[in-house]
>>> print(open('upload.cif').read())   # mmCIF, C-alpha atoms and all ligand atoms
data_my_file
loop_
_atom_site.label_atom_id
_atom_site.label_comp_id
_atom_site.auth_asym_id
_atom_site.auth_seq_id
_atom_site.Cartn_x
_atom_site.Cartn_y
_atom_site.Cartn_z
CA MET G 1 0.00 0.00 0.00
CA GLU G 2 1.21 3.51 -0.81
CA LYS G 3 2.31 5.50 2.21
CA ARG G 4 0.12 8.51 3.07
CA ASP G 5 1.46 11.98 2.37
CA ILE G 6 1.59 13.35 5.92
CA LEU G 7 2.69 16.89 4.98
CA SER G 8 -0.56 17.38 3.04
CA MET G 9 -2.72 16.54 6.07
CA THR G 10 -4.42 19.17 8.21
CA LEU G 11 -4.04 19.08 11.97
CA ASP G 12 -7.63 17.81 12.32
CA GLU G 13 -6.96 14.92 9.93
CA LEU G 14 -3.75 14.06 11.70
CA THR G 15 -5.49 14.17 15.08
CA MET G 16 -8.11 11.69 13.86
CA ASP G 17 -5.43 9.27 12.67
CA ILE G 18 -3.46 9.59 15.89
CA LYS G 19 -6.52 8.89 18.00
CA GLU G 20 -7.29 5.83 15.86
CA MET G 21 -3.80 4.58 16.65
CA GLY G 22 -4.70 4.77 20.34
CA GLN G 23 -2.25 7.62 20.91
CA PRO G 24 -2.98 10.74 22.99
CA LYS G 25 -4.25 13.71 20.96
CA TYR G 26 -1.30 15.98 21.82
CA ARG G 27 0.98 13.74 19.75
CA ALA G 28 -0.74 15.05 16.60
CA ALA G 29 0.13 18.63 17.57
CA GLN G 30 3.74 17.60 18.19
CA ILE G 31 4.01 15.92 14.79
CA TYR G 32 2.34 18.87 13.05
CA LYS G 33 4.84 21.24 14.64
CA TRP G 34 7.81 19.19 13.45
CA LEU G 35 6.40 19.19 9.94
CA HIS G 36 5.17 22.77 9.56
CA GLU G 37 7.32 24.81 11.93
CA LYS G 38 10.60 22.95 12.12
CA LYS G 39 10.09 21.60 8.57
CA ILE G 40 12.02 18.40 9.23
CA SER G 41 12.33 15.78 6.51
CA ASP G 42 12.56 12.49 8.43
CA PHE G 43 10.52 10.91 11.21
CA SER G 44 13.73 10.09 13.11
CA GLU G 45 14.11 13.83 13.77
CA MET G 46 10.86 13.98 15.79
CA LEU G 47 12.78 13.78 19.02
CA ASP G 48 9.94 14.19 21.51
CA LEU G 49 8.03 11.17 20.15
CA PRO G 50 8.54 7.66 21.49
CA LEU G 51 10.69 5.53 19.20
CA ALA G 52 7.84 3.05 18.63
CA LEU G 53 5.57 5.81 17.34
CA ARG G 54 8.28 7.21 15.06
CA THR G 55 8.77 3.76 13.59
CA LYS G 56 5.04 3.27 13.08
CA LEU G 57 4.72 6.66 11.37
CA ASP G 58 7.60 5.77 9.08
CA VAL G 59 5.79 2.60 7.99
CA GLU G 60 2.46 4.27 7.26
CA TYR G 61 3.37 7.77 6.08
CA CYS G 62 5.91 9.53 3.90
CA ILE G 63 7.30 13.06 4.16
CA LYS G 64 7.60 14.50 0.65
CA HIS G 65 10.95 15.85 -0.52
CA LEU G 66 12.07 17.81 -3.54
CA PHE G 67 15.53 17.63 -5.04
CA ILE G 68 17.29 20.51 -6.74
CA ALA G 69 17.90 19.34 -10.31
CA ARG G 70 19.13 22.74 -11.52
CA ARG G 71 19.66 26.12 -9.97
CA LEU G 72 20.19 29.25 -12.06
CA GLU G 73 21.18 32.59 -10.61
CA SER G 74 20.59 35.75 -12.56
CA CYS G 75 23.59 38.02 -13.10
CA MET G 76 21.23 40.98 -13.59
CA ASP G 77 19.24 40.89 -10.33
CA ASN G 78 18.75 38.61 -7.32
CA THR G 79 16.41 36.19 -9.10
CA VAL G 80 17.12 32.49 -8.62
CA LYS G 81 15.34 29.85 -10.60
CA TYR G 82 15.07 26.26 -9.37
CA LEU G 83 14.21 23.19 -11.33
CA TYR G 84 12.94 20.71 -8.74
CA ARG G 85 12.75 16.97 -9.25
CA LEU G 86 9.76 15.35 -7.54
CA SER G 87 9.80 11.89 -5.99
CA ASP G 88 8.38 10.32 -9.19
CA GLY G 89 11.08 11.90 -11.38
CA GLN G 90 8.88 14.70 -12.77
CA HIS G 91 10.11 18.30 -12.75
CA VAL G 92 8.64 21.66 -11.79
CA GLU G 93 10.02 25.19 -11.58
CA THR G 94 10.13 27.68 -8.74
CA VAL G 95 11.43 31.24 -9.01
CA LEU G 96 12.74 33.30 -6.09
CA MET G 97 12.60 37.06 -6.62
CA SER G 98 13.62 39.94 -4.43
CA TYR G 99 11.31 42.90 -4.26
CA ARG G 100 10.85 46.03 -2.13
CA HIS G 101 9.47 44.29 0.93
CA GLY G 102 11.45 41.08 0.90
CA TRP G 103 11.45 37.82 -1.00
CA ARG G 104 8.66 36.57 -3.19
CA LEU G 105 8.39 33.02 -4.48
CA CYS G 106 6.64 31.96 -7.65
CA ILE G 107 5.55 28.34 -7.32
CA SER G 108 4.15 25.70 -9.68
CA THR G 109 0.84 23.94 -9.07
CA GLN G 110 0.87 21.19 -11.73
CA VAL G 111 3.38 19.19 -13.76
CA GLY G 112 2.64 20.60 -17.22
CA CYS G 113 -0.68 22.23 -18.06
CA LYS G 114 -3.85 21.39 -19.99
CA MET G 115 -4.83 24.94 -20.87
CA GLY G 116 -2.96 25.21 -24.16
CA CYS G 117 -2.16 28.95 -24.14
CA GLN G 118 -0.26 29.51 -27.38
CA PHE G 119 2.50 31.74 -25.97
CA CYS G 120 3.28 29.64 -22.88
CA ALA G 121 6.10 27.10 -22.59
CA SER G 122 4.40 25.20 -19.75
CA THR G 123 1.78 23.78 -22.00
CA ILE G 124 3.86 22.61 -24.97
CA ALA G 125 4.48 19.09 -23.67
CA GLY G 126 0.96 18.82 -22.23
CA TYR G 127 -0.30 17.93 -18.80
CA VAL G 128 1.18 15.21 -16.58
CA ARG G 129 -0.37 15.52 -13.12
CA ASN G 130 -1.49 17.75 -10.27
CA LEU G 131 0.91 18.67 -7.50
CA THR G 132 -0.05 17.74 -3.96
CA ALA G 133 -0.31 20.41 -1.26
CA SER G 134 2.93 19.07 0.22
CA GLU G 135 4.77 19.49 -3.09
CA MET G 136 3.67 23.14 -3.16
CA LEU G 137 4.77 23.66 0.46
CA ARG G 138 8.08 21.95 -0.22
CA GLN G 139 8.89 24.42 -3.01
CA ILE G 140 8.86 27.08 -0.28
CA ASP G 141 10.75 25.03 2.33
CA GLU G 142 13.46 23.81 -0.02
CA THR G 143 14.03 27.25 -1.55
CA GLU G 144 14.19 28.96 1.84
CA ARG G 145 16.68 26.37 3.04
CA ASP G 146 18.86 26.56 -0.04
CA ALA G 147 18.85 30.34 -0.39
CA GLY G 148 18.94 31.08 3.35
CA VAL G 149 15.99 33.48 3.12
CA THR G 150 12.47 33.76 4.53
CA VAL G 151 9.84 34.17 1.86
CA SER G 152 7.21 36.81 2.64
CA GLY G 153 5.02 36.56 -0.47
CA ILE G 154 3.86 33.71 -2.68
CA VAL G 155 2.59 33.90 -6.23
CA LEU G 156 0.90 30.92 -7.84
CA MET G 157 2.15 31.79 -11.31
CA GLY G 158 4.55 28.96 -12.08
CA ILE G 159 3.76 25.90 -14.17
CA GLY G 160 0.12 24.84 -14.21
CA GLU G 161 -3.35 26.30 -13.79
CA PRO G 162 -4.05 26.58 -10.05
CA LEU G 163 -7.83 26.53 -10.46
CA ASP G 164 -7.55 23.27 -12.44
CA ASN G 165 -6.03 21.73 -9.28
CA PHE G 166 -8.55 23.36 -7.01
CA GLU G 167 -8.73 20.92 -4.14
CA ASN G 168 -4.99 20.60 -3.61
CA VAL G 169 -4.45 24.35 -3.99
CA MET G 170 -7.15 25.05 -1.38
CA ARG G 171 -5.51 22.54 0.94
CA PHE G 172 -2.13 24.19 0.34
CA LEU G 173 -3.61 27.60 1.23
CA GLU G 174 -5.22 26.19 4.37
CA LEU G 175 -1.92 24.68 5.52
CA LEU G 176 0.06 27.78 4.57
CA SER G 177 -2.16 30.10 6.59
CA ASP G 178 -2.93 27.80 9.55
CA PRO G 179 -2.49 29.86 12.75
CA GLN G 180 -1.27 26.67 14.44
CA GLY G 181 1.33 26.05 11.79
CA ARG G 182 2.90 28.21 9.10
CA LYS G 183 0.83 31.34 9.85
CA MET G 184 1.22 33.13 6.52
CA SER G 185 -1.47 35.72 5.86
CA LEU G 186 -3.12 35.01 2.51
CA ARG G 187 -2.99 38.76 1.87
CA HIS G 188 0.57 37.98 0.80
CA VAL G 189 -0.55 35.41 -1.75
CA THR G 190 -1.53 36.00 -5.38
CA LEU G 191 -3.23 33.33 -7.44
CA SER G 192 -3.15 33.72 -11.21
CA THR G 193 -5.72 32.06 -13.43
CA CYS G 194 -6.37 31.86 -17.16
CA GLY G 195 -10.06 32.24 -16.31
CA ILE G 196 -11.86 29.10 -15.13
CA VAL G 197 -15.04 30.96 -14.29
CA PRO G 198 -16.91 28.54 -11.95
CA ARG G 199 -13.79 28.07 -9.85
CA MET G 200 -13.21 31.84 -9.66
CA ARG G 201 -16.69 32.15 -8.19
CA GLU G 202 -16.05 29.33 -5.76
CA LEU G 203 -12.81 30.98 -4.71
CA ALA G 204 -14.66 34.25 -4.13
CA ASP G 205 -17.15 32.45 -1.88
CA LYS G 206 -14.32 31.05 0.22
CA GLN G 207 -13.23 34.58 1.20
CA THR G 208 -9.59 33.61 1.52
CA GLY G 209 -8.24 37.19 1.34
CA LEU G 210 -5.79 36.39 -1.45
CA THR G 211 -5.27 38.51 -4.55
CA LEU G 212 -6.71 37.12 -7.74
CA ALA G 213 -4.87 37.84 -10.98
CA VAL G 214 -6.50 37.06 -14.30
CA SER G 215 -4.44 36.40 -17.42
CA LEU G 216 -6.26 38.44 -20.03
CA HIS G 217 -3.78 38.94 -22.88
CA ASN G 218 -6.40 39.93 -25.45
CA PRO G 219 -9.47 42.17 -25.23
CA THR G 220 -11.72 40.50 -27.83
CA ASP G 221 -13.27 37.04 -27.86
CA ALA G 222 -11.94 36.28 -31.33
CA GLY G 223 -8.39 37.33 -30.44
CA ARG G 224 -8.38 35.71 -27.00
CA SER G 225 -9.84 32.42 -28.21
CA ALA G 226 -7.11 32.21 -30.83
CA VAL G 227 -4.36 32.25 -28.20
CA MET G 228 -6.17 30.95 -25.09
CA PRO G 229 -8.47 27.95 -25.73
CA VAL G 230 -10.09 28.46 -22.29
CA ASN G 231 -11.84 31.50 -23.76
CA ARG G 232 -13.95 29.27 -26.01
CA ARG G 233 -15.40 27.69 -22.88
CA TYR G 234 -15.61 30.85 -20.75
CA PRO G 235 -15.83 33.93 -22.99
CA LEU G 236 -14.93 37.44 -21.90
CA SER G 237 -18.45 38.43 -20.82
CA GLU G 238 -18.56 35.53 -18.33
CA LEU G 239 -14.97 36.15 -17.26
CA MET G 240 -15.58 39.83 -16.51
CA GLU G 241 -18.78 38.99 -14.68
CA ALA G 242 -16.82 36.55 -12.49
CA CYS G 243 -14.22 39.28 -11.79
CA ARG G 244 -16.97 41.67 -10.67
CA TYR G 245 -18.39 38.89 -8.51
CA TYR G 246 -14.96 38.32 -6.95
CA PHE G 247 -14.72 42.00 -6.06
CA SER G 248 -18.27 42.20 -4.71
CA ARG G 249 -17.77 39.13 -2.49
CA THR G 250 -14.27 39.87 -1.22
CA GLY G 251 -13.77 43.64 -1.58
CA ARG G 252 -10.50 42.81 -3.32
CA ARG G 253 -9.81 44.11 -6.76
CA VAL G 254 -8.79 41.63 -9.42
CA THR G 255 -5.58 42.45 -11.29
CA PHE G 256 -5.18 41.72 -14.98
CA GLU G 257 -2.09 40.25 -16.59
CA TYR G 258 -1.44 41.22 -20.18
CA ALA G 259 1.57 39.87 -22.08
CA VAL G 260 2.22 42.33 -24.87
CA MET G 261 2.81 40.54 -28.19
CA GLN G 262 3.93 43.00 -30.80
CA GLY G 263 1.48 43.39 -33.66
CA GLU G 264 -0.91 40.87 -32.08
CA ASN G 265 -2.53 42.62 -29.12
CA ASP G 266 -0.99 46.10 -28.81
CA THR G 267 -2.72 48.21 -31.45
CA GLU G 268 -4.84 51.30 -30.86
CA ALA G 269 -7.94 49.16 -31.44
CA ASP G 270 -6.74 46.72 -28.75
CA ALA G 271 -6.25 49.58 -26.28
CA ARG G 272 -9.74 50.87 -27.01
CA ALA G 273 -11.28 47.41 -26.68
CA LEU G 274 -9.44 46.77 -23.41
CA ALA G 275 -10.62 50.11 -22.01
CA GLY G 276 -14.19 49.16 -22.96
CA LEU G 277 -13.88 45.79 -21.29
CA LEU G 278 -12.56 47.22 -18.02
CA LYS G 279 -14.87 50.23 -17.92
CA GLY G 280 -16.21 51.07 -14.48
CA GLN G 281 -13.87 48.65 -12.69
CA GLN G 282 -10.90 50.85 -11.71
CA ALA G 283 -8.93 47.85 -12.83
CA HIS G 284 -5.18 47.62 -12.84
CA VAL G 285 -3.37 46.03 -15.75
CA ASN G 286 0.10 44.50 -15.43
CA LEU G 287 1.84 44.60 -18.75
CA ILE G 288 4.76 42.35 -19.50
CA PRO G 289 6.63 42.08 -22.80
CA VAL G 290 5.98 38.49 -23.86
CA ASN G 291 8.90 36.16 -23.22
CA SER G 292 9.87 34.60 -26.51
CA VAL G 293 9.55 30.85 -26.44
CA LYS G 294 11.63 28.96 -29.02
CA GLU G 295 8.65 27.09 -30.48
CA ARG G 296 6.53 30.24 -30.91
CA SER G 297 6.94 33.42 -32.89
CA TYR G 298 5.60 35.96 -30.37
CA HIS G 299 7.92 38.72 -29.30
CA ALA G 300 7.92 42.21 -27.78
CA THR G 301 10.44 44.77 -26.64
CA ARG G 302 10.10 46.63 -23.36
CA LYS G 303 9.51 49.75 -25.42
CA ALA G 304 6.50 48.10 -27.10
CA ALA G 305 5.01 47.36 -23.68
CA GLN G 306 5.64 50.96 -22.58
CA ASP G 307 4.02 52.30 -25.76
CA PHE G 308 0.96 50.15 -25.13
CA MET G 309 0.87 51.39 -21.53
CA GLU G 310 0.73 54.97 -22.80
CA ARG G 311 -2.04 54.04 -25.21
CA LEU G 312 -4.01 52.53 -22.34
CA GLU G 313 -3.43 55.56 -20.12
CA ARG G 314 -4.88 57.76 -22.86
CA HIS G 315 -8.02 55.60 -22.63
CA GLY G 316 -8.10 56.00 -18.85
CA VAL G 317 -6.81 52.53 -17.96
CA HIS G 318 -4.20 52.25 -15.20
CA ALA G 319 -1.37 50.03 -16.31
CA THR G 320 2.21 49.35 -15.32
CA VAL G 321 4.95 47.52 -17.12
CA ARG G 322 6.09 44.77 -14.82
CA ARG G 323 9.78 44.42 -14.07
CA THR G 324 11.15 41.55 -16.09
CA LEU G 325 13.25 39.72 -13.57
CA GLY G 326 15.82 37.09 -14.41
CA SER G 327 15.37 37.35 -18.15
CA ASP G 328 18.94 36.05 -18.57
CA ILE G 329 17.99 32.80 -16.81
CA GLU G 330 14.74 32.23 -18.66
CA ALA G 331 12.63 32.93 -15.59
CA ALA G 332 9.44 32.78 -17.65
CA CYS G 333 7.35 29.87 -16.59
CA GLY G 334 7.85 26.44 -18.05
CA GLN G 335 10.93 27.11 -20.14
CA LEU G 336 13.42 25.26 -17.96
CA ARG G 337 11.28 22.18 -17.40
CA HIS G 338 10.52 22.03 -21.08
CA GLU G 339 14.23 22.15 -21.91
CA ALA G 340 15.14 19.49 -19.33
CA ASP G 341 12.49 17.16 -20.71
CA SER G 342 13.48 17.69 -24.33
CA GLN G 343 17.12 16.98 -23.46
CA GLN G 344 16.11 13.72 -21.79
CA ALA G 345 13.98 12.67 -24.75
N1 LIG G 401 -2.18 29.25 -15.40
C1 LIG G 401 -2.11 30.48 -14.67
C2 LIG G 401 -0.79 30.73 -13.98
C3 LIG G 401 0.49 30.33 -14.65
S1 LIG G 401 1.17 31.34 -15.90
C4 LIG G 401 -2.48 31.62 -15.58
O1 LIG G 401 -2.71 31.40 -16.75
O2 LIG G 401 -2.61 32.74 -15.09
C5 LIG G 401 1.64 32.84 -15.12
C6 LIG G 401 1.49 34.04 -16.04
O3 LIG G 401 2.52 34.05 -17.06
C7 LIG G 401 0.18 34.08 -16.78
O4 LIG G 401 -0.32 35.39 -16.80
C8 LIG G 401 0.58 33.62 -18.16
O5 LIG G 401 -0.37 33.97 -19.12
C9 LIG G 401 1.92 34.30 -18.31
N2 LIG G 401 2.77 33.78 -19.38
C10 LIG G 401 2.85 32.54 -19.86
N3 LIG G 401 3.75 32.46 -20.87
C11 LIG G 401 4.26 33.69 -21.01
C12 LIG G 401 5.22 34.26 -21.88
N4 LIG G 401 5.84 33.53 -22.82
N5 LIG G 401 5.49 35.57 -21.74
C13 LIG G 401 4.86 36.32 -20.81
N6 LIG G 401 3.95 35.85 -19.96
C14 LIG G 401 3.63 34.54 -20.05
#
>>> encode(input="upload.cif", output="structure tokens")
Amino acid sequence: MEKRDILSMTLDELTMDIKEMGQPKYRAAQIYKWLHEKKISDFSEMLDLPLALRTKLDVEYCIKHLFIARRLESCMDNTVKYLYRLSDGQHVETVLMSYRHGWRLCISTQVGCKMGCQFCASTIAGYVRNLTASEMLRQIDETERDAGVTVSGIVLMGIGEPLDNFENVMRFLELLSDPQGRKMSLRHVTLSTCGIVPRMRELADKQTGLTLAVSLHNPTDAGRSAVMPVNRRYPLSELMEACRYYFSRTGRRVTFEYAVMQGENDTEADARALAGLLKGQQAHVNLIPVNSVKERSYHATRKAAQDFMERLERHGVHATVRRTLGSDIEAACGQLRHEADSQQA
């Protein structure tokens, strides 16, 4: 029988198991503390547990690990990109970035992605599997340990579509913010989605306090459907309605991600259409010059993104051009994993 993934369990679940074993309840709290505060990686390190219990835990449960397969440091800024190998040999990417208030970590939520966005490297080789909550937590633990830093913000913008792995992502958020464990306020977490409308509504209802970012990239249904297949299922009218719902339920404004692709989505007509779409929302748009992916022909200079920003401003839309961190180490999502897999093939 496969061992249970103990790092993905909540304290309540652990307490139930411990009671079933005939152990006193406080043992669950001790174990949980070793896992989520001391972040140990082996049951033998749980020094305040009786040896017999440690041995029993080791038989029935596993503690997930990640291994650093590659580590790239940017020469231009403090960005570090990790390629992590998971216990089944799959790979995901995690990017550590320094910003004004500390360190922010961009984590992956799936191995590969089903969404098929045309400009994105994560999707080229298709979808393999969901990450467990523990594999998301371990991206934080392993990076903090290796880099010797404490991460103060998390963005779910690595490989995968977080709302396509809803249950595990919700579990990850619960464990991350547990006042009895890791204690991170979800105000410091941003979740980015390509626009899975029913899940956006569900997320709004959960009132987690996190920031929702929506990958827009094109202001018309025809244009967006051509590059983002998800738009055929959930067109812009439904997407924008879900964004308004998110704001009305949570009081938190949705931010919009827009990868500028020269000649594709940065014309005057695009600026006008985008202004129309966001009208009345006081929305903020994050512009980023698209990262060129070998297999695709999209490209943009920083100047093109700035020009589009000015166009948008003239239409009354607030936009900023996001800092492109670690461009020398291919910090755009999915590129490193894709390369590692093509080299192996
Ligand atoms: N699936 C989620 C999160 C992962 S992608 C989503 O779609 O939002 C994180 C962000 O990077 C998204 O906004 C995505 O559209 C964007 N992105 C993907 N490939 C890119 C590229 N080549 N250049 C610029 N941004 C890209």
>>> residues_near_ligand(input="upload.cif", ligand="ligand LIG 401 (chain G)", cutoff="7 Å", atoms="only C-alpha atoms and all ligand atoms", output="number ranges by chain")
G: 119-121, 156-162, 192-194, 213-215, 257-259, 288-293, 332-333
>>> residues_around(input="upload.cif", residues="G:Val95", least_positions_apart="2", cutoff="6 Å", atoms="all atoms listed in the file", output="CSV table (one decimal) with C-alpha atoms, in the frame of the given file")
chain,number,residue,atom,x,y,z
G,80,VAL,CA,17.1,32.5,-8.6
G,81,LYS,CA,15.3,29.8,-10.6
G,105,LEU,CA,8.4,33.0,-4.5
G,106,CYS,CA,6.6,32.0,-7.6
>>> residues_near_point(input="upload.cif", point="(-17.9, 35.7, -12.6)", cutoff="10 Å", atoms="all atoms listed in the file", output="PyMOL selection string")
chain G and resi 195-202+204+234+236-247
>>> atom_distance(input="upload.cif", atom1="atom CA of G:Asp77", atom2="atom CA of G:Arg100")
12.8 Å
>>> closest_residue(input="upload.cif", among="G:Gln23, G:Ile124, G:Ala69, G:Val111", to="G:Ala52", atoms="all atoms listed in the file")
G:Gln23
>>> closest_residue(input="upload.cif", among="G:Glu313, G:Asp164, G:Asp307, G:Glu295", to="G:Gln262", atoms="all atoms listed in the file")
G:Asp307
>>> atom_distance(input="upload.cif", atom1="atom CA of G:Arg171", atom2="atom CA of G:Arg27")
21.8 Å
>>> closest_residue(input="upload.cif", among="G:Val230, G:Val254, G:Ala133, G:Ala269", to="G:Thr190", atoms="all atoms listed in the file")
G:Val254
>>> residues_around(input="upload.cif", residues="G:Glu60", least_positions_apart="5", cutoff="10 Å", atoms="only C-alpha atoms", output="list of chain:residue names")
G:Met1, G:Glu2, G:Lys3, G:Arg4, G:Asp5, G:Ile6, G:Thr55
>>> atom_distance(input="upload.cif", atom1="atom CA of G:His65", atom2="atom CA of G:Val149")
18.7 Å
>>> closest_residue(input="upload.cif", among="G:Gln90, G:Thr208, G:Ser177, G:Ser41", to="G:Thr250", atoms="all atoms listed in the file")
G:Thr208
>>> residues_around(input="upload.cif", residues="stretch 182-187 of chain G", least_positions_apart="6", cutoff="6 Å", atoms="all atoms listed in the file", output="list in words")
His36, Leu176, Gly209 and Leu210 of chain G
>>> write_last_selection(input="upload.cif", atoms="C-alpha atoms", output="compact mmCIF listing (two decimals), in the coordinates of the input")
# COMPACT_ATOMS: atom_id res chain seq x y z
CA HIS G 36 5.17 22.77 9.56
CA LEU G 176 0.06 27.78 4.57
CA GLY G 209 -8.24 37.19 1.34
CA LEU G 210 -5.79 36.39 -1.45
>>> closest_residue(input="upload.cif", among="G:Ser297, G:Met228, G:Glu268, G:Gly263", to="G:Cys117", atoms="all atoms listed in the file")
G:Met228
>>> residues_near_point(input="upload.cif", point="(-4.5, 33.9, -29.4)", cutoff="9 Å", atoms="all atoms listed in the file", output="list in words")
Cys117, Gln118, Phe119, His217, Asn218, Ala222, Gly223, Arg224, Ser225, Ala226, Val227, Met228, Pro229, Glu264 and Asn265 of chain G
